[in-house]
$ cat final-v6.txt   # compact mmCIF, C-alpha atoms
# COMPACT_ATOMS: atom_id res chain seq x y z
CA MET A 1 50.27 96.83 82.87
CA GLY A 2 50.12 99.53 85.47
CA SER A 3 49.46 99.87 89.13
CA PHE A 4 46.47 102.13 88.50
CA PRO A 5 44.10 100.55 90.99
CA LEU A 6 46.41 101.31 93.93
CA ASN A 7 46.57 105.01 93.15
CA THR A 8 42.91 105.61 92.59
CA THR A 9 40.46 107.31 94.89
CA LEU A 10 37.41 106.14 92.92
CA LYS A 11 34.35 105.86 95.11
CA PRO A 12 31.55 103.38 94.37
CA PRO A 13 29.32 103.02 92.60
CA TYR A 14 31.26 102.59 89.37
CA TYR A 15 31.67 99.68 86.96
CA ILE A 16 34.45 97.29 86.02
CA VAL A 17 34.74 95.15 82.92
CA ALA A 18 36.93 92.09 83.44
CA PHE A 19 38.25 90.64 80.17
CA TYR A 20 39.92 87.23 80.49
CA SER A 21 41.62 85.90 77.39
CA GLN A 22 43.72 83.09 76.05
CA LYS A 23 45.75 84.61 73.24
CA LYS A 24 46.97 82.43 70.39
CA SER A 25 50.76 82.27 70.23
CA ASP A 26 50.77 83.37 66.59
CA ASP A 27 49.24 86.75 67.25
CA HIS A 28 49.73 88.67 63.97
CA ASP A 29 49.30 92.43 64.61
CA TYR A 30 47.90 92.02 68.11
CA ASP A 31 50.33 94.47 69.74
CA GLN A 32 49.56 97.15 67.18
CA VAL A 33 45.79 96.78 67.60
CA ALA A 34 46.13 96.71 71.40
CA GLN A 35 48.14 99.93 71.35
CA GLN A 36 45.60 101.60 69.07
CA MET A 37 42.76 100.63 71.42
CA GLU A 38 44.71 101.88 74.42
CA ALA A 39 45.25 105.26 72.77
CA LEU A 40 41.60 105.44 71.72
CA VAL A 41 39.90 104.42 74.96
CA LYS A 42 41.56 107.26 76.87
CA HIS A 43 39.36 109.76 75.04
CA GLN A 44 36.21 107.80 75.74
CA ASP A 45 33.60 109.52 77.91
CA GLY A 46 33.22 107.68 81.21
CA TYR A 47 36.51 105.77 80.94
CA LEU A 48 38.28 105.84 84.32
CA GLY A 49 41.37 103.68 83.76
CA HIS A 50 42.49 100.09 83.28
CA VAL A 51 45.04 97.53 84.39
CA GLY A 52 46.24 94.40 82.61
CA PHE A 53 48.36 91.28 82.98
CA ARG A 54 49.43 88.54 80.62
CA ASP A 55 51.37 85.52 81.77
CA GLU A 56 53.97 83.32 80.05
CA ASN A 57 51.20 81.04 78.75
CA ASN A 58 49.40 83.89 76.99
CA PHE A 59 46.57 83.91 79.50
CA GLY A 60 45.62 87.48 80.38
CA ILE A 61 43.27 89.68 82.37
CA THR A 62 42.41 93.28 81.60
CA ILE A 63 40.19 95.16 84.03
CA SER A 64 38.82 98.49 82.90
CA TYR A 65 36.97 101.01 85.05
CA TRP A 66 33.88 102.93 83.92
CA ARG A 67 31.51 105.55 85.25
CA ASP A 68 28.36 103.68 84.25
CA LEU A 69 26.79 101.09 81.94
CA ASP A 70 26.17 103.63 79.18
CA SER A 71 29.89 104.46 78.96
CA ILE A 72 30.66 100.74 78.58
CA LYS A 73 28.01 100.33 75.90
CA ASN A 74 29.23 103.38 73.97
CA TRP A 75 32.85 102.15 73.94
CA LYS A 76 31.69 98.71 72.76
CA GLY A 77 30.07 100.39 69.76
CA VAL A 78 32.97 102.62 68.63
CA GLY A 79 33.88 101.77 65.00
CA GLU A 80 37.58 101.03 65.45
CA HIS A 81 36.82 99.07 68.59
CA LEU A 82 34.18 97.00 66.80
CA SER A 83 36.70 95.90 64.20
CA ALA A 84 39.26 95.18 66.95
CA GLN A 85 36.66 93.04 68.74
CA GLN A 86 35.95 91.18 65.50
CA LYS A 87 39.66 90.54 64.99
CA GLY A 88 39.97 89.45 68.61
CA LYS A 89 37.22 86.90 68.08
CA SER A 90 38.37 85.56 64.72
CA VAL A 91 42.18 85.94 64.89
CA PHE A 92 43.81 86.83 68.24
CA TYR A 93 42.04 84.82 70.93
CA ALA A 94 41.57 81.08 71.32
CA ASP A 95 39.09 81.85 74.07
CA TYR A 96 37.85 84.73 76.21
CA ARG A 97 35.27 85.71 78.79
CA VAL A 98 33.83 89.09 79.72
CA GLU A 99 32.29 90.11 83.05
CA VAL A 100 30.55 93.42 83.68
CA ALA A 101 30.23 94.21 87.38
CA LYS A 102 29.06 97.06 89.56
CA VAL A 103 31.52 97.97 92.30
CA GLU A 104 29.56 98.31 95.52
CA ARG A 105 32.42 98.67 97.99
CA ALA A 106 36.09 99.64 97.70
CA TYR A 107 38.78 100.40 100.25
CA ASN A 108 42.52 100.85 100.38
CA LYS A 109 45.09 99.77 102.98
CA MET B 1 47.43 81.58 88.70
CA GLY B 2 44.92 79.58 86.76
CA SER B 3 42.69 79.99 83.77
CA PHE B 4 39.60 79.38 85.87
CA PRO B 5 37.49 82.19 84.45
CA LEU B 6 37.65 80.76 80.93
CA ASN B 7 36.31 77.39 81.98
CA THR B 8 33.46 78.56 84.11
CA THR B 9 29.79 78.57 83.27
CA LEU B 10 28.85 80.85 86.17
CA LYS B 11 25.72 82.82 85.48
CA PRO B 12 25.11 86.26 87.01
CA PRO B 13 24.30 87.45 89.51
CA TYR B 14 27.37 86.50 91.54
CA TYR B 15 30.10 88.53 93.21
CA ILE B 16 33.77 89.15 92.61
CA VAL B 17 36.34 90.49 95.02
CA ALA B 18 39.30 92.15 93.29
CA PHE B 19 42.38 92.39 95.50
CA TYR B 20 45.18 94.57 94.10
CA SER B 21 48.44 94.54 96.03
CA GLN B 22 51.98 95.79 96.01
CA LYS B 23 53.98 93.17 97.87
CA LYS B 24 57.18 94.10 99.66
CA SER B 25 60.21 92.38 98.18
CA ASP B 26 61.22 91.02 101.58
CA ASP B 27 58.12 88.92 102.01
CA HIS B 28 58.96 86.63 104.98
CA ASP B 29 56.56 83.66 105.04
CA TYR B 30 54.18 85.09 102.41
CA ASP B 31 54.16 81.98 100.22
CA GLN B 32 53.36 79.73 103.15
CA VAL B 33 50.48 81.93 104.33
CA ALA B 34 49.16 82.27 100.77
CA GLN B 35 49.16 78.50 100.34
CA GLN B 36 47.37 78.02 103.65
CA MET B 37 44.68 80.50 102.62
CA GLU B 38 44.29 78.83 99.25
CA ALA B 39 43.76 75.45 100.91
CA LEU B 40 41.31 76.95 103.41
CA VAL B 41 39.14 79.04 101.08
CA LYS B 42 38.23 76.00 99.00
CA HIS B 43 36.09 74.69 101.87
CA GLN B 44 34.34 78.02 102.34
CA ASP B 45 30.59 78.05 101.67
CA GLY B 46 29.80 80.22 98.64
CA TYR B 47 33.37 80.23 97.28
CA LEU B 48 33.28 79.67 93.51
CA GLY B 49 36.94 80.01 92.46
CA HIS B 50 39.73 82.51 92.01
CA VAL B 51 42.45 83.62 89.64
CA GLY B 52 45.64 85.54 90.38
CA PHE B 53 48.63 87.25 88.77
CA ARG B 54 51.77 88.84 90.16
CA ASP B 55 54.24 90.65 87.95
CA GLU B 56 58.02 91.07 88.12
CA ASN B 57 57.57 94.26 90.20
CA ASN B 58 55.55 92.45 92.87
CA PHE B 59 52.30 94.10 91.80
CA GLY B 60 49.48 91.58 91.85
CA ILE B 61 45.77 91.03 91.30
CA THR B 62 43.68 88.25 92.78
CA ILE B 63 40.05 87.98 91.74
CA SER B 64 37.85 85.64 93.72
CA TYR B 65 34.31 84.60 92.85
CA TRP B 66 31.50 84.30 95.39
CA ARG B 67 27.83 83.32 95.50
CA ASP B 68 26.75 86.37 97.51
CA LEU B 69 27.80 89.09 99.94
CA ASP B 70 27.23 86.89 102.98
CA SER B 71 29.77 84.34 101.70
CA ILE B 72 32.33 87.14 101.30
CA LYS B 73 31.62 88.47 104.78
CA ASN B 74 31.89 85.01 106.35
CA TRP B 75 35.27 84.32 104.71
CA LYS B 76 36.55 87.70 105.85
CA GLY B 77 35.75 86.69 109.43
CA VAL B 78 37.37 83.22 109.49
CA GLY B 79 40.00 83.10 112.28
CA GLU B 80 43.02 81.99 110.23
CA HIS B 81 42.06 84.42 107.48
CA LEU B 82 41.80 87.29 109.97
CA SER B 83 45.37 86.72 111.12
CA ALA B 84 46.52 86.42 107.48
CA GLN B 85 44.81 89.74 106.73
CA GLN B 86 46.53 91.31 109.72
CA LYS B 87 49.89 89.99 108.54
CA GLY B 88 49.15 91.25 105.03
CA LYS B 89 48.51 94.72 106.37
CA SER B 90 51.46 94.93 108.73
CA VAL B 91 54.11 92.76 107.04
CA PHE B 92 53.51 91.59 103.45
CA TYR B 93 52.01 94.51 101.54
CA ALA B 94 53.29 98.03 100.97
CA ASP B 95 49.86 98.88 99.61
CA TYR B 96 46.63 97.24 98.56
CA ARG B 97 43.08 97.93 97.42
CA VAL B 98 39.93 95.83 97.58
CA GLU B 99 36.87 96.09 95.36
CA VAL B 100 33.66 94.14 95.91
CA ALA B 101 31.49 94.03 92.80
CA LYS B 102 28.28 92.38 91.66
CA VAL B 103 28.57 90.71 88.26
CA GLU B 104 25.52 91.73 86.24
CA ARG B 105 26.51 90.32 82.86
CA ALA B 106 28.97 87.65 81.68
CA TYR B 107 29.59 85.99 78.36
CA ASN B 108 32.19 83.79 76.71
CA LYS B 109 33.58 83.77 73.18
$ encode --input "final-v6.txt" --output "structure tokens"
Amino acid sequence: MGSFPLNTTLKPPYYIVAFYSQKKSDDHDYDQVAQQMEALVKHQDGYLGHVGFRDENNFGITISYWRDLDSIKNWKGVGEHLSAQQKGKSVFYADYRVEVAKVERAYNK
Amino acid sequence: MGSFPLNTTLKPPYYIVAFYSQKKSDDHDYDQVAQQMEALVKHQDGYLGHVGFRDENNFGITISYWRDLDSIKNWKGVGEHLSAQQKGKSVFYADYRVEVAKVERAYNK
């Protein structure tokens, strides 16, 4: 979790990926994998930041910010991330949904 | 809060509005106004749902889902919502940011 979006001066157009997930309560090495992905994504070309929440019922949202669709596609194909996605699908998450959206307008208080 | 996004079968294109906010700790009648807005938005043409989180530091995200830009614009202009927005700006929130984004791709587990 972080308050990234409030500090940013990102100007559209850019992209967000919203990842909604229901984590299983028995989550094995979820924290370790999540930390590895967090360390890795920071070096990814086109990555602009992310913010995440998870509530007491293991329902969570992570929103990540990207320069363009190619950056998103490249990150999706990174080896370590591919195996994390596979583990997410088969082990960590009971359910999830992904939305890819183009930010057309953004303004702060 | 709700797990709305996991249950939906919404197909792109549709719009999301991400509202990030840092609420002041002395929040006056925030809960009452928030409940009123939640009751009101449900009757709004083009409204498709929403999901929200707020953490222990009063940082929150609300994502709402809309059919199109006109629906978003119309809701922004509704009288009671205008005065809620004004109160949000002057009383409830230390800071906030709004992003309007067009969902181009969405998939579930």
$ closest_atom_pairs --input "final-v6.txt" --of "range 2-102 of chain B" --to "range 85-95 of chain A" --cutoff "12 Å" --atoms "all atoms listed in the file" --output "tab-separated table"
residue	atom	partner	partner_atom	distance
B:Ser3	CA	A:Asp95	CA	10.5
B:Pro5	CA	A:Asp95	CA	10.5
B:Leu6	CA	A:Asp95	CA	7.1
B:Asn7	CA	A:Asp95	CA	9.5
B:Thr8	CA	A:Asp95	CA	12.0
$ calpha_fit_and_write --input "final-v6.txt" --fixed "chain B" --moving "chain A" --output "JSON list (two decimals) with C-alpha atoms, in the frame of the given file"
[["chain", "number", "residue", "atom", "x", "y", "z"],
["A", 1, "MET", "CA", 47.44, 81.50, 88.72],
["A", 2, "GLY", "CA", 44.92, 79.53, 86.76],
["A", 3, "SER", "CA", 42.71, 79.98, 83.78],
["A", 4, "PHE", "CA", 39.59, 79.40, 85.87],
["A", 5, "PRO", "CA", 37.49, 82.21, 84.45],
["A", 6, "LEU", "CA", 37.65, 80.77, 80.92],
["A", 7, "ASN", "CA", 36.30, 77.40, 81.98],
["A", 8, "THR", "CA", 33.45, 78.59, 84.09],
["A", 9, "THR", "CA", 29.77, 78.58, 83.25],
["A", 10, "LEU", "CA", 28.84, 80.84, 86.18],
["A", 11, "LYS", "CA", 25.71, 82.83, 85.46],
["A", 12, "PRO", "CA", 25.08, 86.25, 87.02],
["A", 13, "PRO", "CA", 24.29, 87.44, 89.51],
["A", 14, "TYR", "CA", 27.35, 86.50, 91.55],
["A", 15, "TYR", "CA", 30.09, 88.54, 93.21],
["A", 16, "ILE", "CA", 33.78, 89.15, 92.61],
["A", 17, "VAL", "CA", 36.35, 90.50, 95.02],
["A", 18, "ALA", "CA", 39.29, 92.15, 93.28],
["A", 19, "PHE", "CA", 42.38, 92.38, 95.50],
["A", 20, "TYR", "CA", 45.18, 94.56, 94.11],
["A", 21, "SER", "CA", 48.44, 94.53, 96.03],
["A", 22, "GLN", "CA", 51.98, 95.79, 96.02],
["A", 23, "LYS", "CA", 53.98, 93.16, 97.87],
["A", 24, "LYS", "CA", 57.17, 94.12, 99.67],
["A", 25, "SER", "CA", 60.22, 92.40, 98.20],
["A", 26, "ASP", "CA", 61.22, 91.02, 101.59],
["A", 27, "ASP", "CA", 58.13, 88.91, 102.04],
["A", 28, "HIS", "CA", 58.96, 86.63, 105.00],
["A", 29, "ASP", "CA", 56.53, 83.66, 105.04],
["A", 30, "TYR", "CA", 54.18, 85.10, 102.44],
["A", 31, "ASP", "CA", 54.17, 81.99, 100.23],
["A", 32, "GLN", "CA", 53.35, 79.74, 103.17],
["A", 33, "VAL", "CA", 50.47, 81.94, 104.34],
["A", 34, "ALA", "CA", 49.16, 82.28, 100.77],
["A", 35, "GLN", "CA", 49.16, 78.51, 100.34],
["A", 36, "GLN", "CA", 47.36, 78.03, 103.65],
["A", 37, "MET", "CA", 44.67, 80.52, 102.62],
["A", 38, "GLU", "CA", 44.29, 78.84, 99.25],
["A", 39, "ALA", "CA", 43.76, 75.46, 100.89],
["A", 40, "LEU", "CA", 41.32, 76.95, 103.40],
["A", 41, "VAL", "CA", 39.15, 79.04, 101.08],
["A", 42, "LYS", "CA", 38.23, 75.99, 98.99],
["A", 43, "HIS", "CA", 36.10, 74.68, 101.86],
["A", 44, "GLN", "CA", 34.35, 77.99, 102.33],
["A", 45, "ASP", "CA", 30.60, 78.02, 101.67],
["A", 46, "GLY", "CA", 29.81, 80.19, 98.65],
["A", 47, "TYR", "CA", 33.37, 80.21, 97.29],
["A", 48, "LEU", "CA", 33.27, 79.68, 93.51],
["A", 49, "GLY", "CA", 36.92, 79.99, 92.46],
["A", 50, "HIS", "CA", 39.73, 82.50, 92.01],
["A", 51, "VAL", "CA", 42.46, 83.61, 89.64],
["A", 52, "GLY", "CA", 45.65, 85.53, 90.37],
["A", 53, "PHE", "CA", 48.63, 87.24, 88.78],
["A", 54, "ARG", "CA", 51.78, 88.82, 90.14],
["A", 55, "ASP", "CA", 54.24, 90.63, 87.94],
["A", 56, "GLU", "CA", 58.03, 91.07, 88.13],
["A", 57, "ASN", "CA", 57.56, 94.24, 90.21],
["A", 58, "ASN", "CA", 55.54, 92.45, 92.88],
["A", 59, "PHE", "CA", 52.31, 94.09, 91.81],
["A", 60, "GLY", "CA", 49.47, 91.57, 91.84],
["A", 61, "ILE", "CA", 45.77, 91.03, 91.29],
["A", 62, "THR", "CA", 43.68, 88.24, 92.76],
["A", 63, "ILE", "CA", 40.05, 87.97, 91.73],
["A", 64, "SER", "CA", 37.86, 85.62, 93.71],
["A", 65, "TYR", "CA", 34.31, 84.59, 92.85],
["A", 66, "TRP", "CA", 31.49, 84.30, 95.39],
["A", 67, "ARG", "CA", 27.84, 83.33, 95.49],
["A", 68, "ASP", "CA", 26.75, 86.37, 97.50],
["A", 69, "LEU", "CA", 27.78, 89.10, 99.94],
["A", 70, "ASP", "CA", 27.24, 86.88, 102.98],
["A", 71, "SER", "CA", 29.78, 84.33, 101.71],
["A", 72, "ILE", "CA", 32.33, 87.14, 101.29],
["A", 73, "LYS", "CA", 31.63, 88.47, 104.77],
["A", 74, "ASN", "CA", 31.90, 85.01, 106.35],
["A", 75, "TRP", "CA", 35.28, 84.31, 104.71],
["A", 76, "LYS", "CA", 36.56, 87.72, 105.86],
["A", 77, "GLY", "CA", 35.77, 86.70, 109.44],
["A", 78, "VAL", "CA", 37.38, 83.23, 109.49],
["A", 79, "GLY", "CA", 40.02, 83.10, 112.27],
["A", 80, "GLU", "CA", 43.02, 82.00, 110.22],
["A", 81, "HIS", "CA", 42.07, 84.43, 107.49],
["A", 82, "LEU", "CA", 41.81, 87.30, 109.97],
["A", 83, "SER", "CA", 45.37, 86.73, 111.12],
["A", 84, "ALA", "CA", 46.52, 86.42, 107.49],
["A", 85, "GLN", "CA", 44.82, 89.75, 106.73],
["A", 86, "GLN", "CA", 46.54, 91.33, 109.72],
["A", 87, "LYS", "CA", 49.91, 90.02, 108.54],
["A", 88, "GLY", "CA", 49.15, 91.24, 105.03],
["A", 89, "LYS", "CA", 48.51, 94.72, 106.37],
["A", 90, "SER", "CA", 51.45, 94.93, 108.75],
["A", 91, "VAL", "CA", 54.11, 92.77, 107.04],
["A", 92, "PHE", "CA", 53.52, 91.60, 103.44],
["A", 93, "TYR", "CA", 52.01, 94.51, 101.54],
["A", 94, "ALA", "CA", 53.30, 98.02, 100.95],
["A", 95, "ASP", "CA", 49.87, 98.88, 99.61],
["A", 96, "TYR", "CA", 46.62, 97.24, 98.54],
["A", 97, "ARG", "CA", 43.08, 97.94, 97.42],
["A", 98, "VAL", "CA", 39.94, 95.82, 97.58],
["A", 99, "GLU", "CA", 36.86, 96.07, 95.36],
["A", 100, "VAL", "CA", 33.66, 94.12, 95.91],
["A", 101, "ALA", "CA", 31.47, 94.02, 92.80],
["A", 102, "LYS", "CA", 28.27, 92.38, 91.67],
["A", 103, "VAL", "CA", 28.56, 90.71, 88.27],
["A", 104, "GLU", "CA", 25.53, 91.74, 86.24],
["A", 105, "ARG", "CA", 26.51, 90.33, 82.85],
["A", 106, "ALA", "CA", 28.97, 87.67, 81.68],
["A", 107, "TYR", "CA", 29.59, 86.00, 78.34],
["A", 108, "ASN", "CA", 32.18, 83.81, 76.70],
["A", 109, "LYS", "CA", 33.57, 83.80, 73.15]]
$ residues_around --input "final-v6.txt" --residues "Arg105 in chain B" --least-positions-apart "5" --cutoff "7 Å" --atoms "all atoms listed in the file" --output "ChimeraX atom specification"
/A:99-100 /B:12
$ closest_residue --input "final-v6.txt" --among "A:Tyr14, A:Tyr20, A:Trp75, A:Phe4" --to "Arg97 in chain B" --atoms "all atoms listed in the file"
A:Phe4
$ closest_residue --input "final-v6.txt" --among "A:Leu69, A:Thr62, A:Asn74, A:Glu80" --to "Ala39 in chain A" --atoms "all atoms listed in the file"
A:Glu80
$ residues_around --input "final-v6.txt" --residues "Ala106 in chain B" --least-positions-apart "3" --cutoff "10 Å" --atoms "only C-alpha atoms" --output "count of residues only"
14
$ build_atoms --input "final-v6.txt" --residues "range 73-109 of chain A" --atoms "N, CA and C atoms" --output "JSON list (two decimals), in the frame of the given file"
[["chain", "number", "residue", "atom", "x", "y", "z"],
["A", 73, "LYS", "N", 28.74, 100.63, 77.13],
["A", 73, "LYS", "CA", 28.01, 100.33, 75.90],
["A", 73, "LYS", "C", 28.51, 101.20, 74.74],
["A", 74, "ASN", "N", 28.75, 102.48, 75.03],
["A", 74, "ASN", "CA", 29.23, 103.38, 73.97],
["A", 74, "ASN", "C", 30.60, 102.96, 73.44],
["A", 75, "TRP", "N", 31.50, 102.59, 74.36],
["A", 75, "TRP", "CA", 32.85, 102.15, 73.94],
["A", 75, "TRP", "C", 32.75, 100.87, 73.11],
["A", 76, "LYS", "N", 31.87, 99.97, 73.49],
["A", 76, "LYS", "CA", 31.69, 98.71, 72.76],
["A", 76, "LYS", "C", 31.27, 98.97, 71.31],
["A", 77, "GLY", "N", 30.59, 100.11, 71.09],
["A", 77, "GLY", "CA", 30.07, 100.39, 69.76],
["A", 77, "GLY", "C", 30.94, 101.31, 68.91],
["A", 78, "VAL", "N", 32.09, 101.74, 69.42],
["A", 78, "VAL", "CA", 32.97, 102.62, 68.63],
["A", 78, "VAL", "C", 33.55, 101.84, 67.44],
["A", 79, "GLY", "N", 33.49, 102.44, 66.24],
["A", 79, "GLY", "CA", 33.88, 101.77, 65.00],
["A", 79, "GLY", "C", 35.19, 101.00, 65.05],
["A", 80, "GLU", "N", 36.27, 101.69, 65.40],
["A", 80, "GLU", "CA", 37.58, 101.03, 65.45],
["A", 80, "GLU", "C", 37.60, 99.89, 66.48],
["A", 81, "HIS", "N", 36.86, 100.09, 67.55],
["A", 81, "HIS", "CA", 36.82, 99.07, 68.59],
["A", 81, "HIS", "C", 36.02, 97.85, 68.13],
["A", 82, "LEU", "N", 34.98, 98.11, 67.35],
["A", 82, "LEU", "CA", 34.18, 97.00, 66.80],
["A", 82, "LEU", "C", 35.04, 96.10, 65.92],
["A", 83, "SER", "N", 35.88, 96.74, 65.08],
["A", 83, "SER", "CA", 36.70, 95.90, 64.20],
["A", 83, "SER", "C", 37.81, 95.21, 64.99],
["A", 84, "ALA", "N", 38.28, 95.85, 66.07],
["A", 84, "ALA", "CA", 39.26, 95.18, 66.95],
["A", 84, "ALA", "C", 38.62, 93.98, 67.64],
["A", 85, "GLN", "N", 37.37, 94.15, 68.08],
["A", 85, "GLN", "CA", 36.66, 93.04, 68.74],
["A", 85, "GLN", "C", 36.47, 91.87, 67.76],
["A", 86, "GLN", "N", 36.15, 92.21, 66.51],
["A", 86, "GLN", "CA", 35.95, 91.18, 65.50],
["A", 86, "GLN", "C", 37.24, 90.41, 65.25],
["A", 87, "LYS", "N", 38.34, 91.16, 65.19],
["A", 87, "LYS", "CA", 39.66, 90.54, 64.99],
["A", 87, "LYS", "C", 40.04, 89.70, 66.20],
["A", 88, "GLY", "N", 39.71, 90.20, 67.39],
["A", 88, "GLY", "CA", 39.97, 89.45, 68.61],
["A", 88, "GLY", "C", 39.28, 88.10, 68.55],
["A", 89, "LYS", "N", 38.03, 88.12, 68.13],
["A", 89, "LYS", "CA", 37.22, 86.90, 68.08],
["A", 89, "LYS", "C", 37.73, 85.92, 67.02],
["A", 90, "SER", "N", 38.06, 86.46, 65.85],
["A", 90, "SER", "CA", 38.37, 85.56, 64.72],
["A", 90, "SER", "C", 39.86, 85.24, 64.61],
["A", 91, "VAL", "N", 40.74, 86.12, 65.12],
["A", 91, "VAL", "CA", 42.18, 85.94, 64.89],
["A", 91, "VAL", "C", 43.00, 85.80, 66.18],
["A", 92, "PHE", "N", 42.86, 86.75, 67.11],
["A", 92, "PHE", "CA", 43.81, 86.83, 68.24],
["A", 92, "PHE", "C", 43.59, 85.80, 69.34],
["A", 93, "TYR", "N", 42.32, 85.57, 69.70],
["A", 93, "TYR", "CA", 42.04, 84.82, 70.93],
["A", 93, "TYR", "C", 41.51, 83.42, 70.66],
["A", 94, "ALA", "N", 42.10, 82.44, 71.35],
["A", 94, "ALA", "CA", 41.57, 81.08, 71.32],
["A", 94, "ALA", "C", 40.29, 81.02, 72.15],
["A", 95, "ASP", "N", 40.25, 81.84, 73.19],
["A", 95, "ASP", "CA", 39.09, 81.85, 74.07],
["A", 95, "ASP", "C", 39.09, 83.16, 74.86],
["A", 96, "TYR", "N", 37.92, 83.58, 75.30],
["A", 96, "TYR", "CA", 37.85, 84.73, 76.21],
["A", 96, "TYR", "C", 36.53, 84.71, 76.98],
["A", 97, "ARG", "N", 36.49, 85.53, 78.01],
["A", 97, "ARG", "CA", 35.27, 85.71, 78.79],
["A", 97, "ARG", "C", 35.23, 87.16, 79.27],
["A", 98, "VAL", "N", 34.03, 87.71, 79.29],
["A", 98, "VAL", "CA", 33.83, 89.09, 79.72],
["A", 98, "VAL", "C", 32.86, 89.11, 80.90],
["A", 99, "GLU", "N", 33.20, 89.88, 81.93],
["A", 99, "GLU", "CA", 32.29, 90.11, 83.05],
["A", 99, "GLU", "C", 32.10, 91.61, 83.24],
["A", 100, "VAL", "N", 30.86, 92.01, 83.38],
["A", 100, "VAL", "CA", 30.55, 93.42, 83.68],
["A", 100, "VAL", "C", 29.99, 93.45, 85.10],
["A", 101, "ALA", "N", 30.60, 94.25, 85.96],
["A", 101, "ALA", "CA", 30.23, 94.21, 87.38],
["A", 101, "ALA", "C", 30.19, 95.61, 87.98],
["A", 102, "LYS", "N", 29.23, 95.78, 88.88],
["A", 102, "LYS", "CA", 29.06, 97.06, 89.56],
["A", 102, "LYS", "C", 29.79, 97.03, 90.90],
["A", 103, "VAL", "N", 30.75, 97.92, 91.05],
["A", 103, "VAL", "CA", 31.52, 97.97, 92.30],
["A", 103, "VAL", "C", 30.66, 98.61, 93.38],
["A", 104, "GLU", "N", 30.43, 97.84, 94.44],
["A", 104, "GLU", "CA", 29.56, 98.31, 95.52],
["A", 104, "GLU", "C", 30.36, 98.83, 96.70],
["A", 105, "ARG", "N", 31.60, 98.30, 96.84],
["A", 105, "ARG", "CA", 32.42, 98.67, 97.99],
["A", 105, "ARG", "C", 33.87, 98.67, 97.55],
["A", 106, "ALA", "N", 34.66, 99.61, 98.02],
["A", 106, "ALA", "CA", 36.09, 99.64, 97.70],
["A", 106, "ALA", "C", 36.82, 100.31, 98.85],
["A", 107, "TYR", "N", 37.98, 99.76, 99.20],
["A", 107, "TYR", "CA", 38.78, 100.40, 100.25],
["A", 107, "TYR", "C", 40.25, 100.09, 100.04],
["A", 108, "ASN", "N", 41.08, 101.02, 100.50],
["A", 108, "ASN", "CA", 42.52, 100.85, 100.38],
["A", 108, "ASN", "C", 43.10, 100.49, 101.74],
["A", 109, "LYS", "N", 44.38, 100.09, 101.73],
["A", 109, "LYS", "CA", 45.09, 99.77, 102.98],
["A", 109, "LYS", "C", 45.00, 100.96, 103.93]]
